[in-house]
$ cat work12.cif   # mmCIF, C-alpha atoms and all ligand atoms
data_upload
loop_
_atom_site.label_atom_id
_atom_site.label_comp_id
_atom_site.auth_asym_id
_atom_site.auth_seq_id
_atom_site.Cartn_x
_atom_site.Cartn_y
_atom_site.Cartn_z
CA MET A 162 110.94 108.59 184.13
CA LYS A 163 109.72 107.09 187.39
CA ASN A 164 110.25 103.42 188.12
CA LYS A 165 106.86 101.65 187.91
CA ILE A 166 106.44 98.91 190.50
CA LEU A 167 103.77 96.25 191.01
CA VAL A 168 103.04 95.11 194.58
CA THR A 169 100.73 92.10 194.74
CA GLY A 170 99.06 91.95 198.16
CA GLY A 171 99.65 95.71 198.40
CA ALA A 172 96.55 96.36 200.51
CA GLY A 173 97.74 93.95 203.20
CA PHE A 174 99.75 94.66 206.31
CA ILE A 175 103.33 94.62 204.94
CA GLY A 176 102.23 95.45 201.37
CA SER A 177 100.60 98.74 202.38
CA HIS A 178 103.79 99.92 204.13
CA LEU A 179 105.82 98.86 201.12
CA CYS A 180 103.54 100.78 198.71
CA ALA A 181 103.80 103.89 200.92
CA ARG A 182 107.60 103.70 201.09
CA LEU A 183 108.00 103.09 197.35
CA LEU A 184 105.85 106.17 196.65
CA GLN A 185 107.93 108.23 199.12
CA GLU A 186 111.02 107.11 197.23
CA ASP A 187 109.57 108.64 194.06
CA ASN A 188 108.32 105.50 192.33
CA GLU A 189 105.00 104.86 190.64
CA VAL A 190 103.13 102.01 192.35
CA ILE A 191 100.39 99.62 191.24
CA CYS A 192 98.79 97.67 194.08
CA LEU A 193 97.01 94.47 193.05
CA ASP A 194 94.89 92.81 195.73
CA ASN A 195 91.68 90.80 196.11
CA TYR A 196 91.10 92.25 199.63
CA PHE A 197 90.80 88.81 201.24
CA THR A 198 92.87 89.86 204.26
CA GLY A 199 93.87 93.32 203.11
CA SER A 200 91.81 96.44 203.44
CA LYS A 201 91.13 99.67 201.59
CA ARG A 202 91.73 101.45 204.91
CA ASN A 203 95.41 100.46 204.64
CA ILE A 204 95.85 102.27 201.33
CA ILE A 205 93.26 105.05 201.61
CA GLU A 206 95.94 107.68 202.36
CA LEU A 207 97.81 106.67 199.22
CA SER A 208 94.80 106.95 196.93
CA ASP A 209 95.19 110.73 196.42
CA ASN A 210 98.68 110.24 195.08
CA PRO A 211 98.52 110.42 191.24
CA TYR A 212 101.37 107.89 191.07
CA PHE A 213 99.39 105.25 192.98
CA GLU A 214 96.86 102.91 191.42
CA SER A 215 94.98 100.01 192.98
CA ILE A 216 93.47 97.09 191.10
CA ARG A 217 91.09 94.54 192.61
CA HIS A 218 92.21 91.20 191.23
CA ASP A 219 92.93 87.65 192.37
CA VAL A 220 96.49 86.59 191.47
CA THR A 221 95.30 83.05 190.75
CA GLU A 222 93.76 84.50 187.55
CA PRO A 223 96.25 85.75 184.92
CA PHE A 224 96.74 89.50 184.65
CA ASN A 225 98.68 92.04 182.66
CA VAL A 226 100.24 95.36 183.67
CA GLU A 227 103.29 97.24 182.42
CA VAL A 228 105.87 97.66 185.20
CA ASN A 229 109.64 97.60 185.76
CA GLU A 230 109.71 95.58 189.02
CA ILE A 231 107.40 93.20 190.89
CA TYR A 232 107.08 92.43 194.61
CA ASN A 233 104.95 89.32 195.13
CA LEU A 234 103.29 89.57 198.55
CA ALA A 235 99.79 88.27 197.79
CA CYS A 236 98.96 85.47 200.25
CA PRO A 237 97.18 85.42 203.59
CA ALA A 238 99.83 85.19 206.33
CA SER A 239 97.91 84.59 209.56
CA PRO A 240 97.27 80.91 210.37
CA VAL A 241 93.59 81.68 211.04
CA ASN A 242 93.24 83.29 207.61
CA TYR A 243 95.27 80.84 205.55
CA GLN A 244 93.46 77.89 207.13
CA PHE A 245 90.04 79.43 206.37
CA ASP A 246 90.23 78.29 202.70
CA PRO A 247 93.35 76.12 202.46
CA VAL A 248 92.83 75.21 198.80
CA GLN A 249 92.67 78.89 197.83
CA THR A 250 95.80 79.50 199.95
CA ILE A 251 97.86 76.95 198.08
CA LYS A 252 96.42 78.13 194.75
CA THR A 253 97.54 81.65 195.64
CA SER A 254 101.11 80.49 196.28
CA VAL A 255 101.30 78.15 193.26
CA HIS A 256 98.96 79.44 190.50
CA GLY A 257 99.41 83.03 191.70
CA THR A 258 103.19 82.73 191.67
CA ILE A 259 103.16 81.18 188.18
CA ASN A 260 101.07 84.13 186.94
CA VAL A 261 103.48 86.60 188.56
CA LEU A 262 106.53 84.83 187.12
CA ASP A 263 105.02 84.60 183.62
CA LEU A 264 104.33 88.33 183.75
CA ALA A 265 107.93 88.97 184.86
CA ILE A 266 109.19 86.86 181.93
CA ARG A 267 107.06 88.80 179.44
CA LEU A 268 108.21 92.13 180.85
CA LYS A 269 111.83 90.95 181.45
CA VAL A 270 111.77 92.51 184.95
CA LYS A 271 113.09 91.68 188.43
CA VAL A 272 110.68 89.91 190.75
CA LEU A 273 110.85 89.49 194.53
CA GLN A 274 109.08 86.74 196.45
CA ALA A 275 107.83 87.30 200.01
CA SER A 276 108.71 83.85 201.30
CA THR A 277 108.62 82.90 204.93
CA SER A 278 110.38 81.33 207.91
CA GLU A 279 107.56 78.75 207.68
CA VAL A 280 109.64 76.99 204.99
CA TYR A 281 111.73 75.79 207.99
CA GLY A 282 108.59 74.32 209.63
CA ASP A 283 109.22 73.20 213.22
CA PRO A 284 112.99 73.61 212.95
CA GLU A 285 115.62 71.24 214.37
CA ILE A 286 118.39 73.83 214.20
CA HIS A 287 118.40 77.11 216.02
CA PRO A 288 118.69 79.88 214.94
CA GLN A 289 117.70 79.04 211.37
CA THR A 290 120.19 79.61 208.55
CA GLU A 291 119.27 79.72 204.88
CA GLU A 292 121.10 76.41 204.27
CA TYR A 293 118.66 74.49 206.52
CA TRP A 294 116.05 72.61 204.45
CA GLY A 295 113.39 72.55 207.14
CA LYS A 296 111.09 70.11 208.89
CA VAL A 297 107.64 70.56 207.42
CA ASN A 298 104.58 68.35 207.77
CA PRO A 299 103.25 67.96 204.20
CA ILE A 300 99.72 66.98 205.25
CA GLY A 301 98.96 69.09 208.32
CA ILE A 302 96.77 72.15 208.80
CA ARG A 303 99.70 74.54 208.20
CA SER A 304 100.83 72.72 205.04
CA CYS A 305 98.67 74.76 202.63
CA TYR A 306 100.80 77.76 203.60
CA ASP A 307 104.19 76.13 204.32
CA GLU A 308 104.22 73.82 201.29
CA GLY A 309 102.66 76.50 199.08
CA LYS A 310 105.46 78.89 200.00
CA ARG A 311 108.09 76.15 199.53
CA CYS A 312 106.68 75.43 196.06
CA ALA A 313 106.71 79.16 195.28
CA GLU A 314 110.44 79.23 196.10
CA THR A 315 110.95 76.22 193.80
CA LEU A 316 109.10 78.01 191.02
CA PHE A 317 111.21 81.14 191.48
CA PHE A 318 114.45 79.15 191.26
CA ASP A 319 113.25 77.08 188.28
CA TYR A 320 112.22 80.20 186.36
CA HIS A 321 115.64 81.64 187.19
CA ARG A 322 117.53 78.55 185.98
CA GLN A 323 115.30 77.81 182.99
CA HIS A 324 114.49 81.33 181.79
CA GLU A 325 117.30 83.39 183.37
CA LEU A 326 114.67 85.46 185.13
CA ARG A 327 116.08 87.96 187.66
CA ILE A 328 114.73 86.81 191.03
CA LYS A 329 115.00 87.76 194.72
CA VAL A 330 113.69 85.50 197.49
CA ALA A 331 113.25 86.93 201.00
CA ARG A 332 112.43 84.60 203.91
CA ILE A 333 110.42 86.85 206.18
CA PHE A 334 110.24 86.06 209.90
CA ASN A 335 107.36 87.22 212.15
CA THR A 336 106.66 90.86 211.39
CA TYR A 337 104.28 93.20 213.23
CA GLY A 338 103.14 96.80 213.29
CA PRO A 339 100.33 99.17 212.29
CA ASN A 340 97.92 98.10 209.52
CA MET A 341 97.45 94.57 210.85
CA GLN A 342 93.73 93.84 211.05
CA THR A 343 92.14 93.76 214.52
CA ASN A 344 90.79 90.26 213.75
CA ASP A 345 93.96 89.11 211.95
CA GLY A 346 94.50 86.33 214.52
CA ARG A 347 98.29 86.66 214.79
CA VAL A 348 99.78 86.91 218.22
CA VAL A 349 100.87 90.57 218.42
CA SER A 350 97.58 92.00 217.14
CA ASN A 351 95.54 89.52 219.22
CA PHE A 352 97.35 90.36 222.49
CA ILE A 353 97.27 94.13 221.91
CA VAL A 354 93.57 94.19 221.01
CA GLN A 355 92.72 91.91 223.96
CA ALA A 356 94.78 94.03 226.38
CA LEU A 357 93.28 97.30 225.13
CA GLN A 358 89.76 95.90 225.50
CA GLY A 359 90.44 94.39 228.93
CA LYS A 360 89.67 90.91 227.58
CA ASP A 361 91.53 87.73 228.49
CA ILE A 362 94.91 87.31 226.80
CA THR A 363 94.84 83.95 225.01
CA ILE A 364 98.14 82.10 225.21
CA TYR A 365 98.09 78.92 223.13
CA GLY A 366 99.90 76.12 224.98
CA ASN A 367 102.16 76.99 227.91
CA GLY A 368 103.61 80.09 226.22
CA ASN A 369 107.20 78.77 226.28
CA GLN A 370 107.32 78.66 222.47
CA THR A 371 109.47 81.43 221.01
CA ARG A 372 109.27 83.84 218.10
CA SER A 373 111.38 86.80 216.98
CA PHE A 374 109.39 89.89 216.06
CA CYS A 375 110.49 92.38 213.42
CA TYR A 376 108.96 95.85 213.17
CA VAL A 377 107.36 96.43 209.78
CA GLU A 378 109.43 99.51 208.84
CA ASP A 379 112.62 97.46 209.27
CA MET A 380 111.15 94.70 207.11
CA VAL A 381 110.26 97.15 204.33
CA ASP A 382 113.86 98.47 204.42
CA GLY A 383 115.11 94.91 204.02
CA LEU A 384 112.79 94.08 201.12
CA ILE A 385 113.75 97.25 199.23
CA LYS A 386 117.47 96.65 199.88
CA LEU A 387 117.16 93.12 198.54
CA MET A 388 115.30 94.30 195.43
CA SER A 389 117.94 96.99 194.82
CA SER A 390 120.87 94.61 195.23
CA SER A 391 122.91 93.41 192.25
CA ASP A 392 121.49 90.67 190.01
CA GLU A 393 123.69 87.86 191.39
CA ILE A 394 122.09 88.29 194.84
CA ILE A 395 119.03 86.10 194.52
CA GLY A 396 118.64 84.64 198.02
CA PRO A 397 117.00 83.00 199.74
CA ILE A 398 117.87 85.47 202.44
CA ASN A 399 116.46 85.61 205.97
CA LEU A 400 114.91 88.92 207.03
CA GLY A 401 113.87 89.22 210.65
CA ASN A 402 114.79 90.39 214.11
CA GLU A 403 117.24 88.24 216.10
CA GLU A 404 115.68 89.34 219.43
CA GLU A 405 113.88 86.14 220.50
CA THR A 406 111.06 86.12 223.06
CA THR A 407 108.70 83.57 224.55
CA ILE A 408 105.02 84.10 223.87
CA LYS A 409 104.46 84.30 227.64
CA ASP A 410 106.97 87.17 227.93
CA LEU A 411 105.36 88.90 224.96
CA ALA A 412 101.98 88.78 226.74
CA LEU A 413 103.49 90.19 229.97
CA LYS A 414 105.27 92.96 228.05
CA ILE A 415 102.08 94.02 226.27
CA ILE A 416 100.04 93.97 229.49
CA LYS A 417 102.69 96.19 231.14
CA LEU A 418 102.98 98.64 228.23
CA ILE A 419 99.19 99.09 228.14
CA ASN A 420 98.83 98.96 231.92
CA SER A 421 95.94 96.58 231.25
CA ASN A 422 93.80 94.64 233.72
CA SER A 423 93.59 91.69 231.34
CA LYS A 424 94.25 88.21 232.71
CA ILE A 425 96.23 85.54 230.90
CA ILE A 426 94.38 82.33 230.01
CA ASN A 427 95.77 79.25 228.29
CA LYS A 428 94.15 77.66 225.26
CA PRO A 429 95.17 74.49 223.39
CA LEU A 430 98.27 74.74 221.23
CA PRO A 431 97.31 74.42 217.55
CA GLN A 432 98.62 71.41 215.61
CA ASP A 433 102.21 71.71 214.28
CA ASP A 434 102.79 75.05 216.03
CA PRO A 435 106.60 75.56 215.77
CA LYS A 436 108.36 75.47 219.18
CA ASN A 437 111.14 77.93 218.40
CA ARG A 438 111.83 80.37 215.67
CA CYS A 439 114.69 82.82 215.34
CA PRO A 440 116.57 83.89 212.23
CA ASN A 441 120.27 83.83 211.62
CA THR A 442 120.59 87.07 209.64
CA ASP A 443 124.35 87.02 208.95
CA LYS A 444 123.69 86.97 205.21
CA ALA A 445 121.42 90.02 205.35
CA LYS A 446 123.98 91.83 207.51
CA THR A 447 126.95 91.13 205.27
CA ILE A 448 125.36 91.09 201.81
CA LEU A 449 122.65 93.72 202.19
CA LYS A 450 124.15 95.68 205.11
CA TRP A 451 120.73 95.31 206.70
CA ARG A 452 119.63 94.43 210.20
CA ALA A 453 116.40 94.92 212.12
CA LYS A 454 116.97 97.98 214.29
CA THR A 455 113.72 98.60 216.14
CA PRO A 456 113.69 97.17 219.70
CA LEU A 457 110.54 95.19 220.54
CA ASP A 458 109.37 97.71 223.18
CA ILE A 459 109.56 100.62 220.73
CA GLY A 460 107.78 98.76 217.93
CA LEU A 461 105.10 97.53 220.32
CA LYS A 462 104.44 101.08 221.57
CA LYS A 463 103.85 102.29 217.99
CA THR A 464 101.60 99.32 217.27
CA ILE A 465 99.63 99.83 220.48
CA GLU A 466 99.10 103.49 219.56
CA TYR A 467 97.78 102.43 216.15
CA PHE A 468 95.28 99.91 217.55
CA ASP A 469 94.24 102.28 220.34
CA ASN A 470 93.31 104.95 217.75
CA LEU A 471 91.59 102.40 215.53
CA LEU A 472 89.47 100.96 218.36
CA ARG A 473 88.51 104.45 219.60
CA LYS A 474 87.33 105.36 216.08
CA SER A 475 85.28 102.17 215.80
CA TYR A 476 83.63 102.86 219.20
CA LYS A 477 82.55 106.30 217.93
P1 LIG B 1 98.32 90.07 204.91
O1 LIG B 1 97.38 88.95 205.00
O2 LIG B 1 98.08 91.30 205.72
O3 LIG B 1 98.49 90.55 203.40
C1 LIG B 1 98.34 89.69 202.30
C2 LIG B 1 97.64 90.46 201.20
O4 LIG B 1 97.48 89.60 200.07
C3 LIG B 1 96.23 90.91 201.60
O5 LIG B 1 96.02 92.24 201.22
C4 LIG B 1 95.31 89.96 200.83
O6 LIG B 1 94.05 90.51 200.56
C5 LIG B 1 96.15 89.70 199.59
N1 LIG B 1 95.80 88.44 198.94
C6 LIG B 1 95.65 87.22 199.49
N2 LIG B 1 95.33 86.30 198.55
C7 LIG B 1 95.29 86.98 197.37
C8 LIG B 1 95.01 86.61 196.04
N3 LIG B 1 94.70 85.33 195.72
N4 LIG B 1 95.04 87.55 195.07
C9 LIG B 1 95.33 88.85 195.37
N5 LIG B 1 95.60 89.26 196.63
C10 LIG B 1 95.59 88.34 197.61
O7 LIG B 1 99.77 89.47 205.24
P2 LIG B 1 101.16 90.18 205.48
O8 LIG B 1 101.56 89.94 206.87
O9 LIG B 1 101.12 91.56 204.95
O10 LIG B 1 102.09 89.28 204.55
C11 LIG B 1 102.47 89.72 203.26
C12 LIG B 1 103.34 88.65 202.63
O11 LIG B 1 104.50 88.43 203.44
C13 LIG B 1 102.64 87.30 202.49
O12 LIG B 1 103.03 86.71 201.27
C14 LIG B 1 103.18 86.51 203.65
O13 LIG B 1 103.19 85.13 203.39
C15 LIG B 1 104.59 87.07 203.80
N6 LIG B 1 105.07 86.90 205.17
C16 LIG B 1 104.58 87.67 206.19
C17 LIG B 1 105.03 87.48 207.49
C18 LIG B 1 104.54 88.30 208.64
O14 LIG B 1 104.93 88.03 209.78
N7 LIG B 1 103.75 89.33 208.45
C19 LIG B 1 105.97 86.47 207.76
C20 LIG B 1 106.42 85.69 206.69
C21 LIG B 1 105.98 85.93 205.41
N1 LIG B 2 99.55 82.56 219.73
C1 LIG B 2 99.03 82.66 221.00
N2 LIG B 2 97.87 83.37 221.17
C2 LIG B 2 97.23 83.98 220.15
C3 LIG B 2 97.78 83.89 218.83
C4 LIG B 2 98.94 83.16 218.67
O1 LIG B 2 99.58 82.14 221.97
O2 LIG B 2 96.18 84.61 220.39
C5 LIG B 2 100.82 81.82 219.55
C6 LIG B 2 100.80 80.79 218.44
O3 LIG B 2 100.32 79.54 218.92
C7 LIG B 2 102.27 80.74 218.06
C8 LIG B 2 102.76 82.15 218.28
O4 LIG B 2 101.82 82.75 219.17
O5 LIG B 2 102.97 79.87 218.94
C9 LIG B 2 102.84 82.98 217.01
O6 LIG B 2 101.61 82.83 216.34
P1 LIG B 2 101.22 83.65 215.04
O7 LIG B 2 99.88 83.17 214.62
O8 LIG B 2 101.39 85.10 215.27
O9 LIG B 2 102.32 83.26 213.96
P2 LIG B 2 103.11 81.93 213.58
O10 LIG B 2 104.51 82.28 213.91
O11 LIG B 2 102.65 80.76 214.38
O12 LIG B 2 102.82 81.76 212.13
#
$ encode --input "work12.cif" --output "structure tokens" --more "lines below"
Ligand code: NAD
Ligand code: UDP
Amino acid sequence: MKNKILVTGGAGFIGSHLCARLLQEDNEVICLDNYFTGSKRNIIELSDNPYFESIRHDVTEPFNVEVNEIYNLACPASPVNYQFDPVQTIKTSVHGTINVLDLAIRLKVKVLQASTSEVYGDPEIHPQTEEYWGKVNPIGIRSCYDEGKRCAETLFFDYHRQHELRIKVARIFNTYGPNMQTNDGRVVSNFIVQALQGKDITIYGNGNQTRSFCYVEDMVDGLIKLMSSSDEIIGPINLGNEEETTIKDLALKIIKLINSNSKIINKPLPQDDPKNRCPNTDKAKTILKWRAKTPLDIGLKKTIEYFDNLLRKSYK
């Protein structure tokens, strides 16, 4: 019998890669998504597979399916998208997570939460370890996402302590790759689309802020390894690439890889934009035997190829 797995947010960027990989690994997959930031295009190639099923549903409303494992990825991840309807964003992380956890209790199955480096906020320690509790503004424009995700972690741990639910919490750092939307608003997709179209590259602030970018295939490996680990490994566990880069250097790298004529312009830095972010992934390395392997240049080339094809198709 195949393992039957639910992926909430399965039509999104990371979720669609996860669904594809789980199918390749001979599982049956149910993707549940309300298509707020996801797209049918991301899962269209999976739809012919008899072991794949997609359901349009909002996780903030209760739902019922019969599965053996759950990955909870439903939640907009780009600041532009999660700030579009902040109340819905926090509902997704709180009400949605409660619905997912109640389902896991009923089914007595393992459940993995896609948490985020945003739980560390604008961090005072660098690189960030899992023991650090974070520096998060509770009332700012990023709070609907940061505090929602922090509350989701609390819910996971309370369900674990109170109901002995088998949980896994992954703290995902900036991830990029094919299947991001062209208008997603995050930095890698923005810069690539701008450079391919010869438009100005928009650096927010002076570009000295740093991020560490993990290629999506590496991230999917990490999520599956965490889910497959023994029950006492519950996390939270950082998953990300330790290769740190400034946003200015990222822009220059993308311009060079595309050989673009685009010029760099500076725009105001959004409120509460973290200055530095880089994971300490010692736990993932020792416990899961996982590390992000794809160098930034290689991952960027694959992502550029994806957006180049997508933009050419849309011109036609
Ligand atoms: P994404 O926006 O591409 O995907 C999120 C998916 O969730 C979309 O398909 C969207 O339609 C769906 N969704 C949103 N609200 C929903 C709701 N109420 N009900 C049902 N579906 C809903 O984002 P992503 O980059 O693929 O991120 C996936 C998960 O990983 C998110 O939970 C995000 O917080 C987390 N994460 C991502 C990153 C990253 O860099 N990509 C970093 C940290 C954490
Ligand atoms: N950023 C930028 N230009 C853009 C989009 C983002 O300079 O067009 C910056 C943003 O201010 C942040 C970093 O790039 O400092 C990463 O932003 P993103 O939205 O990808 O993710 P975050 O890590 O902030 O959630």
$ closest_residue --input "work12.cif" --among "A:Asn441, A:Gln342, A:Ser177, A:Asn351" --to "A:Tyr293" --atoms "only C-alpha atoms"
A:Asn441
$ residues_near_ligand --input "work12.cif" --ligand "ligand LIG 1 (chain B)" --cutoff "8 Å" --atoms "all atoms listed in the file" --output "PyMOL selection string"
chain A and resi 169-177+193-200+217-221+233-239+242+249-250+252-253+257+274-279+306+310+332-337+340-342+345+374-375
$ closest_residue --input "work12.cif" --among "A:Pro211, A:Pro431, A:Pro288, A:Gly383" --to "ligand LIG 2 (chain B)" --atoms "only C-alpha atoms and all ligand atoms"
A:Pro431
$ atom_distance --input "work12.cif" --atom1 "atom CA of A:Ile251" --atom2 "atom CA of A:Glu308"
7.8 Å
$ closest_atom_pairs --input "work12.cif" --of "chain A" --to "ligand LIG 2 (chain B)" --cutoff "8 Å" --atoms "all atoms listed in the file" --output "Markdown table"
| residue | atom | partner | partner_atom | distance |
| --- | --- | --- | --- | --- |
| A:Ala238 | CA | B:LIG2 | O12 | 7.4 |
| A:Ser239 | CA | B:LIG2 | O7 | 5.6 |
| A:Pro240 | CA | B:LIG2 | O7 | 5.5 |
| A:Val241 | CA | B:LIG2 | O7 | 7.4 |
| A:Glu279 | CA | B:LIG2 | O12 | 7.2 |
| A:Phe334 | CA | B:LIG2 | O10 | 7.9 |
| A:Asn335 | CA | B:LIG2 | O10 | 6.0 |
| A:Gly346 | CA | B:LIG2 | C3 | 5.9 |
| A:Arg347 | CA | B:LIG2 | O8 | 3.5 |
| A:Val348 | CA | B:LIG2 | C3 | 3.7 |
| A:Val349 | CA | B:LIG2 | O8 | 6.3 |
| A:Asn351 | CA | B:LIG2 | O2 | 5.1 |
| A:Phe352 | CA | B:LIG2 | O2 | 6.2 |
| A:Ile362 | CA | B:LIG2 | O2 | 7.1 |
| A:Thr363 | CA | B:LIG2 | O2 | 4.9 |
| A:Ile364 | CA | B:LIG2 | O1 | 3.5 |
| A:Tyr365 | CA | B:LIG2 | O1 | 3.7 |
| A:Gly366 | CA | B:LIG2 | O1 | 6.7 |
| A:Gly368 | CA | B:LIG2 | O1 | 6.2 |
| A:Gln370 | CA | B:LIG2 | O5 | 5.7 |
| A:Thr371 | CA | B:LIG2 | O5 | 7.0 |
| A:Arg372 | CA | B:LIG2 | O10 | 6.5 |
| A:Ile408 | CA | B:LIG2 | O4 | 5.8 |
| A:Lys409 | CA | B:LIG2 | O1 | 7.8 |
| A:Asn427 | CA | B:LIG2 | O1 | 7.9 |
| A:Lys428 | CA | B:LIG2 | O1 | 7.8 |
| A:Leu430 | CA | B:LIG2 | O3 | 5.7 |
| A:Pro431 | CA | B:LIG2 | O3 | 6.1 |
| A:Asp434 | CA | B:LIG2 | O5 | 5.6 |
| A:Pro435 | CA | B:LIG2 | O5 | 6.5 |
| A:Lys436 | CA | B:LIG2 | O5 | 7.0 |
| A:Arg438 | CA | B:LIG2 | O10 | 7.8 |
$ atom_distance --input "work12.cif" --atom1 "atom CA of A:Glu291" --atom2 "atom CA of A:Pro247"
26.3 Å
$ residues_around --input "work12.cif" --residues "stretch 458-469 of chain A" --least-positions-apart "4" --cutoff "9 Å" --atoms "all atoms listed in the file" --output "PyMOL selection string"
chain A and resi 337-341+343+349-350+353-354+357+375-377+414-415+418-419+473-474
$ axis_aligned_box --input "work12.cif" --around "stretch 375-390 of chain A" --padding-each-side "4 Å" --output "JSON"
{"center_x": 114.1, "center_y": 95.9, "center_z": 204.1, "size_x": 21.5, "size_y": 15.1, "size_z": 26.6}
$ atom_distance --input "work12.cif" --atom1 "atom CA of A:Leu264" --atom2 "atom CA of A:Ser389"
19.6 Å
$ residues_around --input "work12.cif" --residues "A:Asn422" --least-positions-apart "4" --cutoff "8 Å" --atoms "all atoms listed in the file" --output "ChimeraX atom specification"
/A:356,359,416
$ closest_residue --input "work12.cif" --among "A:Asp392, A:Glu285, A:Asp361, A:Asp246" --to "A:Cys305" --atoms "only C-alpha atoms"
A:Asp246
$ closest_atom_pairs --input "work12.cif" --of "stretch 237-272 of chain A" --to "stretch 223-226 of chain A" --cutoff "9 Å" --atoms "only C-alpha atoms" --output "JSON lines"
{"residue": "A:His256", "atom": "CA", "partner": "A:Pro223", "partner_atom": "CA", "distance": 8.8}
{"residue": "A:Gly257", "atom": "CA", "partner": "A:Pro223", "partner_atom": "CA", "distance": 8.0}
{"residue": "A:Ile259", "atom": "CA", "partner": "A:Pro223", "partner_atom": "CA", "distance": 8.9}
{"residue": "A:Asn260", "atom": "CA", "partner": "A:Pro223", "partner_atom": "CA", "distance": 5.5}
{"residue": "A:Val261", "atom": "CA", "partner": "A:Pro223", "partner_atom": "CA", "distance": 8.1}
{"residue": "A:Asp263", "atom": "CA", "partner": "A:Pro223", "partner_atom": "CA", "distance": 8.9}
{"residue": "A:Leu264", "atom": "CA", "partner": "A:Asn225", "partner_atom": "CA", "distance": 6.8}
$ closest_residue --input "work12.cif" --among "A:Lys269, A:Gln358, A:Tyr232, A:Glu378" --to "A:Asn420" --atoms "all atoms listed in the file"
A:Gln358
$ closest_residue --input "work12.cif" --among "A:Pro440, A:His178, A:Asp307, A:Gln355" --to "A:Leu384" --atoms "only C-alpha atoms"
A:His178
$ residues_around --input "work12.cif" --residues "A:Glu230" --least-positions-apart "4" --cutoff "12 Å" --atoms "all atoms listed in the file" --output "PyMOL selection string"
chain A and resi 163-169+183+188-191+226+261-262+264-266+268-274+326-329+385+388-389
$ build_atoms --input "work12.cif" --residues "stretch 354-368 of chain A" --atoms "N, CA and C atoms" --output "PDB file, keeping the file's coordinate frame"
ATOM      1  N   VAL A 354      95.013  93.896 221.035  1.00  0.00           N
ATOM      2  CA  VAL A 354      93.570  94.190 221.010  1.00  0.00           C
ATOM      3  C   VAL A 354      92.915  93.665 222.303  1.00  0.00           C
ATOM      4  N   GLN A 355      93.283  92.464 222.720  1.00  0.00           N
ATOM      5  CA  GLN A 355      92.720  91.910 223.960  1.00  0.00           C
ATOM      6  C   GLN A 355      93.081  92.798 225.158  1.00  0.00           C
ATOM      7  N   ALA A 356      94.342  93.219 225.236  1.00  0.00           N
ATOM      8  CA  ALA A 356      94.780  94.030 226.380  1.00  0.00           C
ATOM      9  C   ALA A 356      94.103  95.399 226.381  1.00  0.00           C
ATOM     10  N   LEU A 357      93.938  95.984 225.191  1.00  0.00           N
ATOM     11  CA  LEU A 357      93.280  97.300 225.130  1.00  0.00           C
ATOM     12  C   LEU A 357      91.814  97.193 225.515  1.00  0.00           C
ATOM     13  N   GLN A 358      91.186  96.067 225.208  1.00  0.00           N
ATOM     14  CA  GLN A 358      89.760  95.900 225.500  1.00  0.00           C
ATOM     15  C   GLN A 358      89.515  95.270 226.870  1.00  0.00           C
ATOM     16  N   GLY A 359      90.580  94.999 227.599  1.00  0.00           N
ATOM     17  CA  GLY A 359      90.440  94.390 228.930  1.00  0.00           C
ATOM     18  C   GLY A 359      89.941  92.952 228.876  1.00  0.00           C
ATOM     19  N   LYS A 360      90.107  92.320 227.714  1.00  0.00           N
ATOM     20  CA  LYS A 360      89.670  90.910 227.580  1.00  0.00           C
ATOM     21  C   LYS A 360      90.814  89.987 227.968  1.00  0.00           C
ATOM     22  N   ASP A 361      90.480  88.698 228.151  1.00  0.00           N
ATOM     23  CA  ASP A 361      91.530  87.730 228.490  1.00  0.00           C
ATOM     24  C   ASP A 361      92.551  87.636 227.367  1.00  0.00           C
ATOM     25  N   ILE A 362      93.821  87.501 227.769  1.00  0.00           N
ATOM     26  CA  ILE A 362      94.910  87.310 226.800  1.00  0.00           C
ATOM     27  C   ILE A 362      95.047  85.802 226.575  1.00  0.00           C
ATOM     28  N   THR A 363      94.892  85.388 225.323  1.00  0.00           N
ATOM     29  CA  THR A 363      94.840  83.950 225.010  1.00  0.00           C
ATOM     30  C   THR A 363      96.205  83.415 224.611  1.00  0.00           C
ATOM     31  N   ILE A 364      96.871  82.767 225.550  1.00  0.00           N
ATOM     32  CA  ILE A 364      98.140  82.100 225.210  1.00  0.00           C
ATOM     33  C   ILE A 364      97.831  80.670 224.787  1.00  0.00           C
ATOM     34  N   TYR A 365      98.293  80.291 223.599  1.00  0.00           N
ATOM     35  CA  TYR A 365      98.090  78.920 223.130  1.00  0.00           C
ATOM     36  C   TYR A 365      99.228  78.064 223.664  1.00  0.00           C
ATOM     37  N   GLY A 366      98.868  76.961 224.347  1.00  0.00           N
ATOM     38  CA  GLY A 366      99.900  76.120 224.980  1.00  0.00           C
ATOM     39  C   GLY A 366     100.399  76.808 226.239  1.00  0.00           C
ATOM     40  N   ASN A 367     101.645  76.442 226.648  1.00  0.00           N
ATOM     41  CA  ASN A 367     102.160  76.990 227.910  1.00  0.00           C
ATOM     42  C   ASN A 367     102.861  78.348 227.716  1.00  0.00           C
ATOM     43  N   GLY A 368     103.003  78.778 226.475  1.00  0.00           N
ATOM     44  CA  GLY A 368     103.610  80.090 226.220  1.00  0.00           C
ATOM     45  C   GLY A 368     105.129  80.051 226.211  1.00  0.00           C
TER      46      GLY A 368
END
